[in-house]
file model-v9.txt (compact mmCIF, C-alpha atoms)
# COMPACT_ATOMS: atom_id res chain seq x y z
CA MET P 1 138.30 148.84 98.91
CA ALA P 2 135.77 150.95 100.71
CA GLU P 3 134.87 154.27 99.20
CA ASN P 4 136.26 156.04 102.28
CA GLU P 5 139.62 154.26 102.12
CA ASN P 6 141.59 157.47 102.74
CA GLU P 7 139.74 158.35 105.92
CA GLU P 8 141.68 157.90 109.14
CA VAL P 9 140.27 155.45 111.66
CA ILE P 10 140.20 156.84 115.18
CA TRP P 11 140.46 154.28 117.98
CA SER P 12 138.81 155.67 121.08
CA GLU P 13 140.61 153.13 123.27
CA THR P 14 143.96 154.86 122.72
CA ASP P 15 142.77 158.00 124.49
CA ASN P 16 141.60 157.60 128.09
CA GLU P 17 139.17 160.53 127.77
CA ASN P 18 137.42 158.97 124.78
CA ALA P 19 137.61 155.37 125.96
CA ASP P 20 135.98 156.12 129.31
CA TRP P 21 133.68 158.99 128.37
CA ILE P 22 130.64 157.11 129.64
CA LYS P 23 132.14 157.05 133.14
CA SER P 24 131.97 160.84 133.25
CA LEU P 25 128.17 160.79 133.12
CA SER P 26 127.24 159.22 136.44
CA TRP P 27 128.73 158.57 139.88
CA ASP P 28 128.64 155.08 141.40
CA LEU P 29 131.37 155.46 144.02
CA PRO P 30 130.81 156.27 147.71
CA THR P 31 129.72 159.84 148.45
CA GLU P 32 131.09 159.93 152.01
CA PRO P 33 134.67 161.30 151.89
CA GLU P 34 136.39 158.60 153.97
CA GLU P 35 134.54 155.78 152.20
CA PHE P 36 135.40 157.32 148.84
CA LEU P 37 139.10 157.58 149.74
CA ARG P 38 139.12 153.93 150.87
CA SER P 39 137.45 152.91 147.60
CA LEU P 40 140.42 154.26 145.65
CA GLY P 41 142.59 151.40 146.91
CA GLY P 42 146.11 152.05 145.64
CA THR P 43 145.11 154.93 143.37
CA SER P 44 146.09 158.40 144.57
CA ILE P 45 143.48 161.13 144.66
CA GLU P 46 145.64 163.07 142.17
CA ASP P 47 145.59 160.17 139.70
CA PHE P 48 141.85 159.65 140.19
CA LEU P 49 141.15 163.30 139.41
CA LYS P 50 142.78 162.81 135.98
CA LEU P 51 140.25 160.12 135.06
CA PRO P 52 136.98 160.80 133.22
CA ALA P 53 135.08 159.35 136.21
CA ALA P 54 136.19 162.32 138.33
CA LYS P 55 134.01 164.63 136.21
CA ALA P 56 130.90 163.04 137.71
CA MET P 57 132.01 163.56 141.33
CA PRO P 58 129.18 165.15 143.31
CA ALA P 59 129.88 168.77 144.28
CA GLU P 60 129.22 167.98 147.95
CA LEU P 61 131.92 165.30 147.97
CA LEU P 62 134.37 167.53 146.13
CA ASN P 63 133.76 170.34 148.62
CA GLU P 64 134.29 168.00 151.59
CA LEU P 65 137.54 166.70 150.09
CA ILE P 66 138.72 170.29 149.57
CA LYS P 67 137.76 171.28 153.12
CA SER P 68 139.60 168.29 154.57
CA GLY P 69 142.73 169.11 152.54
CA HIS P 70 142.68 166.04 150.30
CA ILE P 71 142.18 168.17 147.19
CA LYS P 72 143.57 171.61 146.49
CA PRO P 73 141.00 174.12 145.22
CA LYS P 74 141.38 175.06 141.56
CA GLY P 75 143.71 177.97 141.05
CA VAL P 76 145.71 177.25 144.19
call {"tool": "encode", "arguments": {"input": "model-v9.txt", "output": "structure tokens"}}
result
Amino acid sequence: MAENENEEVIWSETDNENADWIKSLSWDLPTEPEEFLRSLGGTSIEDFLKLPAAKAMPAELLNELIKSGHIKPKGV
């Protein structure tokens, strides 16, 4: 047996945050609000915002989505 046989193995794929961490580093989706919303397909904006990819959303796009009422501002 390996010398570290008592160490717990952590599978990053069982945690969405760890499995998709790389997606939180860059944005490759449309930056125009209506195009972005269309690109979500059947995914709701609320579900998308729970994904690691949402962390890379450009501030300008986030602000436009808040202004248009698609996203509630934090704390509201």
call {"tool": "residues_around", "arguments": {"input": "model-v9.txt", "residues": "Pro58 of chain P", "least_positions_apart": "4", "cutoff": "10 Å", "atoms": "all atoms listed in the file", "output": "ChimeraX atom specification"}}
result
/P:26-27,29,31,54,62-63
call {"tool": "write_last_selection", "arguments": {"input": "model-v9.txt", "atoms": "C-alpha atoms", "output": "JSON list (two decimals), in the frame of the given file"}}
result
[["chain", "number", "residue", "atom", "x", "y", "z"],
["P", 26, "SER", "CA", 127.24, 159.22, 136.44],
["P", 27, "TRP", "CA", 128.73, 158.57, 139.88],
["P", 29, "LEU", "CA", 131.37, 155.46, 144.02],
["P", 31, "THR", "CA", 129.72, 159.84, 148.45],
["P", 54, "ALA", "CA", 136.19, 162.32, 138.33],
["P", 62, "LEU", "CA", 134.37, 167.53, 146.13],
["P", 63, "ASN", "CA", 133.76, 170.34, 148.62]]
call {"tool": "residues_around", "arguments": {"input": "model-v9.txt", "residues": "segment 67-72 of chain P", "least_positions_apart": "2", "cutoff": "10 Å", "atoms": "all atoms listed in the file", "output": "number ranges by chain"}}
result
P: 33, 37, 45-46, 49, 61-65, 74-76
call {"tool": "atom_distance", "arguments": {"input": "model-v9.txt", "atom1": "atom CA of Asp28 of chain P", "atom2": "atom CA of Lys55 of chain P"}}
result
12.1 Å
call {"tool": "atom_distance", "arguments": {"input": "model-v9.txt", "atom1": "atom CA of Glu60 of chain P", "atom2": "atom CA of Gly42 of chain P"}}
result
23.3 Å
call {"tool": "closest_residue", "arguments": {"input": "model-v9.txt", "among": "P:Ala53, P:Pro73, P:Ala59, P:Ile66", "to": "Leu25 of chain P", "atoms": "all atoms listed in the file"}}
result
P:Ala53
